[in-house]
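Have a look at the structure below, then the notes.
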Amino acid sequence: MLLSLQGVRRTFGGLAAVDDASLEVGVGEVHGLIGPNGAGKTTLLNLISGLIPPTSGAIVLDGERIDGLPSHLIAARGVTRTYQNIRLFPALSASDNVLVGAHLKRSSPLWRRMIFLPSAAAEERAARQASLELLDRVGMSERASERASNLSYGEQRRVEIARALASSPRVMLLDEPTAGMNPGEVKAIADLIRGVARAGHSVLLVEHNVKLVMDVSDRITVLDFGKVIADGTPAEVARDPAVIAAYLGGEAAA
Amino acid sequence: MSLESLQDLWLTYQSTVAFIGLNGLLALSVYTTLSCGQLSLAQAAFMAIGAYASAILTFHSGLPFAVNLAAATLLPALVAVPLGLPVLRLKGVFLAIATIGFGEVVRIFFVNLDYTNGALGLTAVPQRTSIWMIYAALSAALFVLWRIRGSRAGYALEAIREDEPAARTMGIHAARYKLAMLALGASFAGLAGALEAHYTYMVSPSTYSFTRVVDMLVYAVVGGTSVFYGPVVGATFLTALPEILREISARVGLAPGPLRLFVNGAVLLLVILFLPEGISSLPRRVRAWLRSRREAHAA
């Protein structure tokens, strides 16, 4: 397994936001993470990306423990993410945002730029070109030089996915990538997620759009009150009585 | 205009020209830490460290002036690292307060240091600074900041300024970048302090008080911090302004002192209210205004 969470727990005061959660994500797998509001999905992503440390339990990436590491080192090991409440750098253009995302992949010591070495300029051109290609991949090439704060909600989400992809991560954490999108945009994102997984990046997908999760995920983990209540293929999860009771109740009856 | 009157003009205003360069360098030192979103108000202390280091070296060693200046540039950066490790964990106003505290500690240290003549400071510091040196230093600082902008490090700094936690999850080692910029800003301030000491013949602790930092910050705000040369524009404008006002007040028969304070305050207020990105954003704003007028005419 590429990424595995073993008995991860995080408490805030006396409340356990994530309680003894375990899950595993394989290479090139799309792993759905669903659950009602407040189930602890975003907290789980914050734990994996190192924004907050777990209270107990282990997070293992490719045989190496990453829990408790500062977030820039976790990113350096190949875990990037998007945010539920979009956190692009608002004053930077779309392509500059993606360029920041490529920080880990770029190697261009400042002294080369200080003495105007051609290799520095060549590296910058290549990095700029790569960021434009990524924007093209998410259908945003026409808006590349627009300030991030001027983009629509759906456009910002797509730029954020391109930014997370820019460092060629081994695992990409997507936090509600289709929130606020129309059905056409949702379909484009679904295709994008499948393409990303086919290219060998694993995806951990938090999403409220159950149909999307069922369509794109290889496996699904269901959280409720911080606990894992089900884990399996989309078909297995959809049949699980605990899931139907906790979460899919309305959907199953409809 | 005859050659003689040009010479007179130069003699009258050469110290203004020198101080425009020195204040420009000091404004850049505040800007350097601001460029990654950190407000450090310890710049006067770094300036003091540079000034004292260079003056002491000049008195007690036979080293060339260039070596003294290099020491005055490096030493504040070396002090900034152990200072930055704890205080850069603080954010916003807390960082500002902690760095003010450091500034006061350094000032009071020199006030009580008998070796450097306490509160009186060092006098008769040999004059070694020429105006071209000040402008060479300013150009070097501008060059470094110009080359950082648009580089991988430059984008990392912008990302830290915009959203530090998000920048960290892109793999950016924010603490290291912030520390590097604090050290770079400190070395600009130290260099300016040394150049000033060898221009004004003296080093006195009262020169490096909190009001000096406020001046630097005002240069940066009035000039604008969205571009790297903005602080130099602000320093130029605000350093030249008293001279212009002196000429005006002599003609209209007003006392120059009160007029200067009033105009300084008014300029700061007007810039904050109407040009939040500083004087340096004026050309861009005028262009945008002209374009919108052209478009309105075309429509």
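Ordering of the structure tokens sets the chain letters (A, B, ...), residue numbers begin anew at 1 in every chain, and ligands are numbered from 1 in the order given.
The environment of segment 99-106 of chain B within 6 Å, counting only C-alpha atoms and disregarding residues fewer than 2 places along the same chain, consists of Ser40, Leu41, Ala42, Ala45, Ala96, Ile97, Ile108 and Phe109 of chain B.
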As an NGL selection string, which residues of segment 28-180 of chain A does DSSP assign to helix (DSSP H, G or I)?
:A and (41-48 or 71-76 or 94-101 or 110-114 or 118-137 or 141-143 or 148-150 or 153-165)
Report as a PDB file with C-alpha atoms, in the first residue's frame the set of chain A residues whose atoms approach chain B to within 6 Å, with distances computed over only C-alpha atoms.
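Generated file (out-v6.pdb):
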```pdb
ATOM      1  CA  SER A  71       3.716  19.984   6.218  1.00  0.00           C
ATOM      2  CA  HIS A  72       6.477  21.085   3.821  1.00  0.00           C
ATOM      3  CA  ALA A  75       4.665  17.633   0.597  1.00  0.00           C
ATOM      4  CA  ALA A  76       8.292  16.845  -0.254  1.00  0.00           C
ATOM      5  CA  PHE A  89      -2.801  32.759  -3.652  1.00  0.00           C
ATOM      6  CA  GLY A 101       2.838  24.345  -6.917  1.00  0.00           C
ATOM      7  CA  MET A 114      21.940  36.605 -10.257  1.00  0.00           C
TER       8      MET A 114
END
```
Could you give me, as a VMD selection string, the residues within 7 Å of segment 168-180 of chain A, counting only C-alpha atoms and dropping anything in the same chain fewer than 5 positions from it?
chain A and resid 42 45 78 to 84 153 to 154 157 186 201 to 208
Please write the residues from the selection above to a file, keeping N, CA and C atoms, as a CSV table (one decimal), in the first residue's frame.
```
chain,number,residue,atom,x,y,z
A,42,THR,N,-12.5,16.3,6.5
A,42,THR,CA,-11.5,17.4,6.3
A,42,THR,C,-10.4,17.3,7.3
A,45,LEU,N,-7.9,14.8,6.2
A,45,LEU,CA,-7.0,15.4,5.2
A,45,LEU,C,-5.9,16.3,5.9
A,78,GLY,N,5.7,13.7,-1.3
A,78,GLY,CA,4.8,13.4,-2.4
A,78,GLY,C,3.4,13.4,-2.1
A,79,VAL,N,3.0,14.3,-1.1
A,79,VAL,CA,1.5,14.4,-0.8
A,79,VAL,C,1.1,15.8,-1.0
A,80,THR,N,0.3,16.1,-1.9
A,80,THR,CA,-0.2,17.5,-2.1
A,80,THR,C,-1.8,17.5,-2.0
A,81,ARG,N,-2.3,18.7,-1.9
A,81,ARG,CA,-3.8,18.7,-1.7
A,81,ARG,C,-4.5,19.9,-2.2
A,82,THR,N,-5.8,19.9,-2.3
A,82,THR,CA,-6.6,21.0,-2.5
A,82,THR,C,-7.4,21.3,-1.2
A,83,TYR,N,-8.1,22.4,-1.2
A,83,TYR,CA,-8.8,22.8,0.0
A,83,TYR,C,-10.3,23.0,-0.3
A,84,GLN,N,-11.1,22.6,0.7
A,84,GLN,CA,-12.5,22.7,0.6
A,84,GLN,C,-12.9,24.2,0.4
A,153,TYR,N,-15.7,30.5,-9.1
A,153,TYR,CA,-15.6,29.4,-8.1
A,153,TYR,C,-15.1,28.2,-8.8
A,154,GLY,N,-15.7,27.7,-9.8
A,154,GLY,CA,-15.4,26.5,-10.5
A,154,GLY,C,-14.0,26.6,-11.1
A,157,ARG,N,-11.3,26.2,-8.5
A,157,ARG,CA,-11.1,24.8,-8.0
A,157,ARG,C,-10.3,24.1,-9.1
A,186,VAL,N,-18.7,19.1,-13.4
A,186,VAL,CA,-18.5,17.9,-12.5
A,186,VAL,C,-18.0,16.7,-13.4
A,201,HIS,N,-0.8,8.6,-10.3
A,201,HIS,CA,-1.0,9.3,-9.0
A,201,HIS,C,-2.1,8.7,-8.2
A,202,SER,N,-2.0,8.5,-6.9
A,202,SER,CA,-3.1,8.0,-6.2
A,202,SER,C,-3.9,9.3,-5.7
A,203,VAL,N,-5.2,9.0,-5.6
A,203,VAL,CA,-6.1,10.2,-5.2
A,203,VAL,C,-7.0,9.8,-4.0
A,204,LEU,N,-7.0,10.6,-3.0
A,204,LEU,CA,-7.9,10.4,-1.9
A,204,LEU,C,-8.9,11.5,-2.0
A,205,LEU,N,-10.2,11.1,-2.3
A,205,LEU,CA,-11.2,12.1,-2.7
A,205,LEU,C,-12.3,12.3,-1.6
A,206,VAL,N,-12.3,13.4,-1.0
A,206,VAL,CA,-13.5,13.8,-0.1
A,206,VAL,C,-14.5,14.5,-1.0
A,207,GLU,N,-15.7,14.0,-1.0
A,207,GLU,CA,-16.7,14.6,-1.9
A,207,GLU,C,-18.1,14.3,-1.3
A,208,HIS,N,-19.0,15.4,-1.5
A,208,HIS,CA,-20.4,15.2,-1.1
A,208,HIS,C,-21.2,14.7,-2.2
```
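Considering only C-alpha atoms, the residue among A:Ala197, A:Leu192, A:Leu61, A:Val159 positioned nearest to Arg143 of chain A is A:Val159.
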Tell me, as a PDB file with C-alpha atoms, in the first residue's frame, which residues lie within 8 Å of Asp218 of chain A, counting only C-alpha atoms; anything in the same chain fewer than 2 positions away does not count.
```pdb
ATOM      1  CA  GLU A  29      -6.070   4.103  -6.881  1.00  0.00           C
ATOM      2  CA  VAL A  30      -8.906   6.583  -6.454  1.00  0.00           C
ATOM      3  CA  HIS A  31     -10.057   6.233  -2.898  1.00  0.00           C
ATOM      4  CA  GLY A  32     -13.332   7.916  -1.957  1.00  0.00           C
ATOM      5  CA  VAL A 216     -14.711   7.370 -10.009  1.00  0.00           C
ATOM      6  CA  ILE A 220     -14.617   3.909  -0.607  1.00  0.00           C
ATOM      7  CA  THR A 233     -15.773  -1.209  -3.323  1.00  0.00           C
ATOM      8  CA  PRO A 234     -18.502   1.287  -4.237  1.00  0.00           C
TER       9      PRO A 234
END
```
Can you tell me, as a count of residues only, what residues are no more than 9 Å from Leu28 of chain B when counting only C-alpha atoms, ignoring any on the same chain fewer than 3 positions away?
20
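Taking atom CA of Lys187 of chain A and atom CA of Ser152 of chain A as endpoints, the distance between them is 17.5 Å.
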Considering only C-alpha atoms, return as JSON, numbers by chain whatever protein or nucleic-acid residues lie within 8 Å of Leu78 of chain B, sequence-local ones (same chain, fewer than 4 positions apart) excluded.
{"B": [74, 82, 183]}
Same residues, C-alpha atoms, saved as a compact mmCIF listing (two decimals), in the first residue's frame:
```txt
# COMPACT_ATOMS: atom_id res chain seq x y z
CA LEU B 74 27.50 40.55 7.54
CA PRO B 82 19.36 33.67 16.30
CA ALA B 183 18.91 38.37 7.49
```
If we count only C-alpha atoms and set the cut-off at 12 Å, which residues sit around segment 11-17 of chain A, ignoring sequence neighbours fewer than 5 positions away in its own chain? Please answer as a CSV table (one decimal) with N, CA and C atoms, in the first residue's frame.
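selection_9.csv written:
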```
chain,number,residue,atom,x,y,z
A,37,ASN,N,-21.9,15.6,7.2
A,37,ASN,CA,-21.2,16.7,7.7
A,37,ASN,C,-20.7,16.5,9.1
A,38,GLY,N,-19.5,17.0,9.3
A,38,GLY,CA,-18.9,16.8,10.6
A,38,GLY,C,-18.4,15.4,10.9
A,39,ALA,N,-18.3,14.6,9.9
A,39,ALA,CA,-17.8,13.2,10.2
A,39,ALA,C,-16.3,13.2,10.4
A,40,GLY,N,-15.6,14.2,10.0
A,40,GLY,CA,-14.1,14.3,10.3
A,40,GLY,C,-13.3,14.1,9.0
A,41,LYS,N,-13.9,14.3,7.8
A,41,LYS,CA,-13.2,14.0,6.6
A,41,LYS,C,-12.1,15.1,6.3
A,42,THR,N,-12.5,16.3,6.5
A,42,THR,CA,-11.5,17.4,6.3
A,42,THR,C,-10.4,17.3,7.3
A,43,THR,N,-10.8,17.0,8.6
A,43,THR,CA,-9.7,16.8,9.6
A,43,THR,C,-8.8,15.7,9.2
A,44,LEU,N,-9.3,14.6,8.7
A,44,LEU,CA,-8.4,13.5,8.3
A,44,LEU,C,-7.4,14.0,7.2
A,45,LEU,N,-7.9,14.8,6.2
A,45,LEU,CA,-7.0,15.4,5.2
A,45,LEU,C,-5.9,16.3,5.9
A,46,ASN,N,-6.4,17.1,6.8
A,46,ASN,CA,-5.4,18.0,7.5
A,46,ASN,C,-4.4,17.2,8.3
A,47,LEU,N,-4.8,16.0,8.8
A,47,LEU,CA,-3.8,15.2,9.5
A,47,LEU,C,-2.8,14.6,8.5
A,52,ILE,N,-2.2,19.7,10.9
A,52,ILE,CA,-2.3,19.4,12.4
A,52,ILE,C,-1.7,18.0,12.6
A,53,PRO,N,-1.1,17.8,13.8
A,53,PRO,CA,-0.5,16.5,14.0
A,53,PRO,C,-1.6,15.6,14.6
A,54,PRO,N,-1.6,14.3,14.4
A,54,PRO,CA,-2.5,13.4,15.0
A,54,PRO,C,-2.3,13.2,16.5
A,55,THR,N,-3.3,13.0,17.3
A,55,THR,CA,-3.1,12.8,18.8
A,55,THR,C,-2.4,11.4,19.0
A,56,SER,N,-2.9,10.4,18.2
A,56,SER,CA,-2.2,9.1,18.3
A,56,SER,C,-2.4,8.4,16.9
A,57,GLY,N,-1.8,7.3,16.8
A,57,GLY,CA,-1.9,6.5,15.5
A,57,GLY,C,-0.8,6.8,14.6
A,223,LEU,N,-16.9,7.5,6.8
A,223,LEU,CA,-16.7,8.0,8.1
A,223,LEU,C,-18.0,8.5,8.7
A,224,ASP,N,-18.2,8.2,10.0
A,224,ASP,CA,-19.3,8.8,10.7
A,224,ASP,C,-18.8,9.1,12.2
A,225,PHE,N,-19.0,10.4,12.6
A,225,PHE,CA,-18.5,10.8,13.9
A,225,PHE,C,-17.1,10.4,14.1
A,226,GLY,N,-16.3,10.5,13.1
A,226,GLY,CA,-14.8,10.3,13.2
A,226,GLY,C,-14.4,8.8,13.1
A,227,LYS,N,-15.4,7.9,13.1
A,227,LYS,CA,-15.1,6.5,13.0
A,227,LYS,C,-15.3,5.9,11.6
A,228,VAL,N,-14.5,5.0,11.2
A,228,VAL,CA,-14.8,4.3,10.0
A,228,VAL,C,-15.9,3.3,10.2
```
I'd like to know which of A:Arg65, A:Arg147, A:Arg106, A:Arg137 is closest to Arg125 of chain A, using only C-alpha atoms.
A:Arg106
I'd like to know which residues of segment 38-184 of chain A are strand (DSSP E or B) (by DSSP, run on the backbone); could you write them as a PyMOL selection string?
chain A and resi 56-61+64-65+79-81+93+147+171-175
